[in-house]
Amino acid sequence: MRTNRTILLVWNELKMNTVRAEPVEAQESIHISTSSMRTDSWLKRAGSILCLLGFALPAAAFDFGSVDWKKAAETVQKVQKANADISEPQEITLGEGIASNLLGAAPLLNNPAAQQYVNRVGRWLALQTERPDLPWQFGVLDDNDVNAFSAPGGYVFITKGLLAQMHSEAELAGVLAHEISHVLRKHQLQAIKKSARTELLADLANDAIKTNGADPKFSKLVSAGTEVYARGLDKNDEYEADRMGVVIAARAGYDPYGLPAVLQTLQSLNPGDSSVALMFKTHPALADRLSLLDQEMTDQFAEQENQPDLAPRFYKALGAGKK
Amino acid sequence: MKNIVALCLLLGFAQTVWAGGFAYTIRPTELKAKPFSDAETLASLPSQSKVEVLKRQASWTQVKSATFTGWVKMLSLQLESNAQNKRGDNGLRSLFNVASTGRSGSTVTTGVRGLSEEQLKNAQPDLQALQAAKRYAVSSKDAQRFAAQGKLHAQSVDYLQGIQP
């Protein structure tokens, strides 16, 4: 919010053509004083201020040869808007687009029993969270890669390759709860904001994008959203999803050690195998994730030690699903 | 073949899937007679002790050392590389046709579809698949019924404070 206000302040000063900004140390300490300045150079400075604030702006907005005042103003407003949260319906629409892209990359596993089972586990977990009413939707992807994904608005996918590394419903719950946490904390939206597509996200927030599929801007935003999975989320977002995931599994009545058990299994896989390449590349080291969970999961979980892992139901649901 | 695997799973194969793998202690670790902190200590295992993994129960893993069978904290162990494979197929791989490739190399992009970095960057939407996926969504009522069948009881647990890595 403070950044928002800073931009507004900068912009008001710019309009008066009397700004001299000296970005000293960090974003928070931008110091503004006034003195007269030539118009062509203050625009440059405006650009550098905004860049310092961490926003990527299209070069066209700062074509210094012919200053497009209106466009420059629009850009600043857009960036302001991007910093505001997009609405929940917008988040869901974007997530739906990303989910359909993920399904374009890997098809759904043709196993209705497995799909229904994973949806039931996932929905029960989601009910234990601060966003129980999102249109939560889970799916198993027919892919040998060992990975799981979630998209804004409540879309969660797990590959059959990862499912085949698990030993109980509590382990499945741990992984789904990790993915659910990314949705709860809007980690994918944060990642898109940090990408070069901040502007498109702002357009979405601004209702300047038609989401009926016909607007090329929407496709671009969805593509940018999908690229996040190739690049990975912020390390700290992964750690946060780990420590939220074990809590959500515990709230749902499961043995809370399902997630660390899966991470431990993954640690024993050959890191050179192509099926784990992207998952290993886009996540912090498993040893670090396990070490943090080991330190964080203290006595608080003693009461949940004897909660069931429902291994028999896991095998029954998945094993009996394929006749 | 698939039916046989399914049958094994139904008959409680789950209990044995953990057997057969090995692990190393990653720190000095007490081997307990039972999976409790205040249980009798059978032995003190130094770091890098090799043990056979039997099964897991919450935060405890049952292991077999050279002289004792007992319990250690799960997170004091690191599974031996590829222990999963030595531990044996948990049955789901054959059911789901999961190729155990052993391939190496980071980016094998043989087809248009797939979940590699490049394939994700070039993914095209499949709206039909999205509609198909939606058919499997369940209501909160259904989820609650499912939880009750599994005797899962909702608990009140606070989120954890993060530790700086």
# chains A, B, ... in the order shown; residues from 1 in each chain; ligands from 1
>>> residues_around(residues="segment 43-47 of chain B", least_positions_apart="3", cutoff="8 Å", atoms="only C-alpha atoms", output="list in words")
Tyr24, Thr25, Ile26, Arg27, Pro28, Thr29, Glu30, Leu31, Lys32 and Phe68 of chain B
>>> select_by_dssp(residues="segment 91-296 of chain A", states="helix (DSSP H, G or I)", output="MDAnalysis selection string")
chainID A and resid 91:105 112:126 160:163 169:184 187:194 198:205 216:231 235:251 258:267 274:281 286:296
>>> write_last_selection(atoms="C-alpha atoms", output="CSV table (one decimal), in the first residue's frame")
chain,number,residue,atom,x,y,z
A,91,GLU,CA,-8.8,-14.8,-10.0
A,92,ILE,CA,-11.0,-17.8,-10.8
A,93,THR,CA,-11.3,-16.8,-14.5
A,94,LEU,CA,-7.5,-16.6,-14.8
A,95,GLY,CA,-7.1,-19.9,-13.0
A,96,GLU,CA,-9.5,-21.6,-15.3
A,97,GLY,CA,-7.5,-20.4,-18.3
A,98,ILE,CA,-4.3,-21.6,-16.7
A,99,ALA,CA,-5.9,-24.9,-15.8
A,100,SER,CA,-7.1,-25.5,-19.4
A,101,ASN,CA,-3.5,-24.8,-20.5
A,102,LEU,CA,-2.1,-27.4,-18.0
A,103,LEU,CA,-4.6,-29.9,-19.3
A,104,GLY,CA,-3.4,-29.0,-22.8
A,105,ALA,CA,0.1,-29.9,-21.7
A,112,PRO,CA,-13.0,-41.9,-13.0
A,113,ALA,CA,-12.6,-43.6,-9.6
A,114,ALA,CA,-9.2,-42.1,-9.1
A,115,GLN,CA,-10.4,-38.7,-10.2
A,116,GLN,CA,-13.3,-38.8,-7.8
A,117,TYR,CA,-11.2,-40.0,-4.9
A,118,VAL,CA,-8.6,-37.2,-5.3
A,119,ASN,CA,-11.4,-34.7,-5.5
A,120,ARG,CA,-13.0,-35.9,-2.3
A,121,VAL,CA,-9.7,-35.8,-0.4
A,122,GLY,CA,-8.9,-32.4,-1.8
A,123,ARG,CA,-12.4,-30.9,-1.1
A,124,TRP,CA,-12.3,-32.1,2.5
A,125,LEU,CA,-8.9,-30.5,3.0
A,126,ALA,CA,-10.1,-27.2,1.4
A,160,LYS,CA,0.0,-40.1,-11.9
A,161,GLY,CA,3.8,-40.3,-11.6
A,162,LEU,CA,3.7,-38.6,-8.2
A,163,LEU,CA,0.7,-40.6,-7.1
A,169,GLU,CA,-4.2,-41.1,1.9
A,170,ALA,CA,-2.3,-38.9,4.4
A,171,GLU,CA,0.6,-38.6,1.9
A,172,LEU,CA,-1.8,-37.6,-0.8
A,173,ALA,CA,-3.5,-35.2,1.6
A,174,GLY,CA,-0.1,-33.6,2.5
A,175,VAL,CA,0.7,-32.9,-1.2
A,176,LEU,CA,-2.8,-31.6,-2.0
A,177,ALA,CA,-2.7,-29.4,1.1
A,178,HIS,CA,0.7,-27.9,-0.1
A,179,GLU,CA,-0.9,-27.1,-3.4
A,180,ILE,CA,-4.1,-25.7,-1.8
A,181,SER,CA,-1.8,-23.4,0.3
A,182,HIS,CA,-0.4,-21.9,-2.9
A,183,VAL,CA,-3.9,-21.0,-3.9
A,184,LEU,CA,-4.9,-19.6,-0.5
A,187,HIS,CA,1.5,-17.4,-4.8
A,188,GLN,CA,0.9,-17.8,-8.5
A,189,LEU,CA,-0.6,-14.3,-8.8
A,190,GLN,CA,2.5,-12.9,-7.0
A,191,ALA,CA,4.7,-14.7,-9.5
A,192,ILE,CA,2.8,-13.3,-12.5
A,193,LYS,CA,3.1,-9.8,-10.9
A,194,LYS,CA,6.9,-10.3,-10.7
A,198,THR,CA,2.3,-7.0,-14.7
A,199,GLU,CA,0.5,-4.8,-17.1
A,200,LEU,CA,-1.8,-7.6,-18.3
A,201,LEU,CA,-2.7,-8.5,-14.8
A,202,ALA,CA,-3.5,-4.8,-14.2
A,203,ASP,CA,-5.7,-4.9,-17.3
A,204,LEU,CA,-7.6,-7.9,-15.8
A,205,ALA,CA,-8.1,-6.1,-12.5
A,216,PRO,CA,-5.7,-12.0,-27.3
A,217,LYS,CA,-4.7,-10.2,-24.2
A,218,PHE,CA,-6.4,-12.8,-22.1
A,219,SER,CA,-4.5,-15.6,-23.9
A,220,LYS,CA,-1.3,-13.7,-23.3
A,221,LEU,CA,-2.0,-13.4,-19.6
A,222,VAL,CA,-2.9,-17.1,-19.4
A,223,SER,CA,0.3,-18.0,-21.2
A,224,ALA,CA,2.3,-15.9,-18.8
A,225,GLY,CA,0.5,-17.6,-16.0
A,226,THR,CA,1.4,-21.0,-17.4
A,227,GLU,CA,5.0,-20.1,-17.8
A,228,VAL,CA,5.1,-19.6,-14.0
A,229,TYR,CA,5.1,-23.4,-13.7
A,230,ALA,CA,8.2,-23.7,-15.9
A,231,ARG,CA,10.0,-21.1,-13.8
A,235,LYS,CA,11.5,-20.3,-2.6
A,236,ASN,CA,9.9,-18.8,0.5
A,237,ASP,CA,6.4,-19.4,-1.0
A,238,GLU,CA,7.3,-23.1,-1.3
A,239,TYR,CA,8.4,-23.2,2.4
A,240,GLU,CA,5.2,-21.5,3.4
A,241,ALA,CA,3.1,-24.0,1.4
A,242,ASP,CA,5.0,-26.8,3.2
A,243,ARG,CA,4.3,-25.5,6.7
A,244,MET,CA,0.6,-24.6,5.9
A,245,GLY,CA,0.2,-28.0,4.1
A,246,VAL,CA,1.0,-30.0,7.2
A,247,VAL,CA,-1.4,-27.9,9.3
A,248,ILE,CA,-4.3,-28.3,6.8
A,249,ALA,CA,-3.7,-32.1,6.7
A,250,ALA,CA,-3.7,-32.2,10.5
A,251,ARG,CA,-6.9,-30.1,10.6
A,258,GLY,CA,2.2,-37.4,5.1
A,259,LEU,CA,3.9,-34.4,3.3
A,260,PRO,CA,7.3,-34.9,4.9
A,261,ALA,CA,7.0,-38.6,4.1
A,262,VAL,CA,6.5,-37.9,0.4
A,263,LEU,CA,9.3,-35.4,0.4
A,264,GLN,CA,11.6,-38.1,1.9
A,265,THR,CA,10.6,-40.6,-0.8
A,266,LEU,CA,11.3,-38.0,-3.5
A,267,GLN,CA,14.7,-37.4,-2.0
A,274,SER,CA,13.9,-36.7,-16.5
A,275,SER,CA,10.7,-37.4,-14.7
A,276,VAL,CA,11.8,-35.3,-11.7
A,277,ALA,CA,13.8,-32.7,-13.6
A,278,LEU,CA,11.2,-29.9,-13.6
A,279,MET,CA,10.0,-30.6,-10.0
A,280,PHE,CA,13.6,-30.5,-8.7
A,281,LYS,CA,14.4,-27.4,-10.7
A,286,LEU,CA,14.4,-31.4,-0.5
A,287,ALA,CA,16.9,-31.6,2.3
A,288,ASP,CA,16.2,-27.9,3.1
A,289,ARG,CA,12.4,-28.4,3.0
A,290,LEU,CA,12.6,-31.4,5.3
A,291,SER,CA,15.0,-29.7,7.7
A,292,LEU,CA,12.6,-26.7,8.0
A,293,LEU,CA,9.6,-28.9,8.6
A,294,ASP,CA,11.6,-30.9,11.2
A,295,GLN,CA,12.3,-27.7,13.1
A,296,GLU,CA,8.8,-26.3,12.6
>>> closest_residue(among="A:Asn212, A:His283, A:Asp142, A:Arg197", to="chain B", atoms="only C-alpha atoms")
A:Asp142
>>> residues_around(residues="segment 92-94 of chain B", least_positions_apart="3", cutoff="6 Å", atoms="only C-alpha atoms", output="PyMOL selection string")
(chain A and resi 164) or (chain B and resi 97-98)
>>> write_last_selection(atoms="N, CA and C atoms", output="CSV table (one decimal), in the first residue's frame")
chain,number,residue,atom,x,y,z
A,164,ALA,N,2.0,-42.4,-7.9
A,164,ALA,CA,2.6,-43.7,-7.8
A,164,ALA,C,3.8,-43.8,-6.8
B,97,ASN,N,0.3,-47.5,-15.4
B,97,ASN,CA,1.3,-47.6,-16.5
B,97,ASN,C,2.4,-46.5,-16.4
B,98,VAL,N,2.8,-46.3,-15.2
B,98,VAL,CA,3.9,-45.3,-15.0
B,98,VAL,C,5.2,-46.0,-15.5
>>> atom_distance(atom1="atom CA of Gln304 of chain A", atom2="atom CA of Tyr257 of chain A")
9.4 Å
>>> closest_residue(among="A:Gln90, A:Asn147, A:Ser168, A:Asn270", to="Ala311 of chain A", atoms="only C-alpha atoms")
A:Ser168
>>> closest_residue(among="B:Pro35, B:Gly21, B:Pro125, B:Gly150", to="chain A", atoms="only C-alpha atoms")
B:Pro125
>>> decode(residues="segment 149-209 of chain A", atoms="C-alpha atoms", output="short mmCIF file (atom, residue, chain, number, x, y, z; two decimals), in the first residue's frame")
data_model
loop_
_atom_site.label_atom_id
_atom_site.label_comp_id
_atom_site.auth_asym_id
_atom_site.auth_seq_id
_atom_site.Cartn_x
_atom_site.Cartn_y
_atom_site.Cartn_z
CA PHE A 149 0.45 -27.90 -9.77
CA SER A 150 -2.16 -25.47 -8.59
CA ALA A 151 -3.73 -22.51 -10.34
CA PRO A 152 -5.47 -19.40 -8.96
CA GLY A 153 -9.07 -19.87 -7.92
CA GLY A 154 -8.74 -23.44 -6.67
CA TYR A 155 -7.43 -25.71 -9.44
CA VAL A 156 -5.08 -28.44 -8.24
CA PHE A 157 -3.45 -31.14 -10.35
CA ILE A 158 -1.23 -34.05 -9.44
CA THR A 159 0.50 -36.37 -11.91
CA LYS A 160 0.02 -40.11 -11.85
CA GLY A 161 3.84 -40.27 -11.61
CA LEU A 162 3.69 -38.56 -8.22
CA LEU A 163 0.65 -40.56 -7.11
CA ALA A 164 2.63 -43.74 -7.79
CA GLN A 165 5.27 -42.63 -5.25
CA MET A 166 2.74 -42.42 -2.41
CA HIS A 167 1.74 -44.93 0.25
CA SER A 168 -1.34 -43.53 1.97
CA GLU A 169 -4.21 -41.05 1.86
CA ALA A 170 -2.34 -38.93 4.41
CA GLU A 171 0.56 -38.60 1.95
CA LEU A 172 -1.84 -37.59 -0.83
CA ALA A 173 -3.50 -35.15 1.57
CA GLY A 174 -0.14 -33.61 2.46
CA VAL A 175 0.71 -32.91 -1.19
CA LEU A 176 -2.77 -31.60 -2.04
CA ALA A 177 -2.70 -29.38 1.06
CA HIS A 178 0.66 -27.94 -0.07
CA GLU A 179 -0.91 -27.06 -3.44
CA ILE A 180 -4.07 -25.71 -1.77
CA SER A 181 -1.83 -23.39 0.26
CA HIS A 182 -0.37 -21.85 -2.90
CA VAL A 183 -3.95 -20.97 -3.91
CA LEU A 184 -4.85 -19.63 -0.46
CA ARG A 185 -1.82 -17.34 -0.42
CA LYS A 186 -2.16 -16.41 -4.13
CA HIS A 187 1.46 -17.35 -4.79
CA GLN A 188 0.91 -17.78 -8.54
CA LEU A 189 -0.57 -14.28 -8.81
CA GLN A 190 2.47 -12.91 -7.00
CA ALA A 191 4.72 -14.73 -9.47
CA ILE A 192 2.83 -13.30 -12.46
CA LYS A 193 3.11 -9.83 -10.94
CA LYS A 194 6.86 -10.25 -10.73
CA SER A 195 7.03 -11.32 -14.36
CA ALA A 196 7.05 -9.02 -17.34
CA ARG A 197 3.25 -9.31 -17.53
CA THR A 198 2.32 -7.05 -14.65
CA GLU A 199 0.49 -4.83 -17.11
CA LEU A 200 -1.80 -7.59 -18.31
CA LEU A 201 -2.67 -8.50 -14.76
CA ALA A 202 -3.53 -4.85 -14.21
CA ASP A 203 -5.74 -4.91 -17.29
CA LEU A 204 -7.56 -7.90 -15.84
CA ALA A 205 -8.06 -6.10 -12.55
CA ASN A 206 -9.26 -3.10 -14.49
CA ASP A 207 -11.84 -5.07 -16.51
CA ALA A 208 -9.86 -4.06 -19.59
CA ILE A 209 -9.58 -7.69 -20.68
#
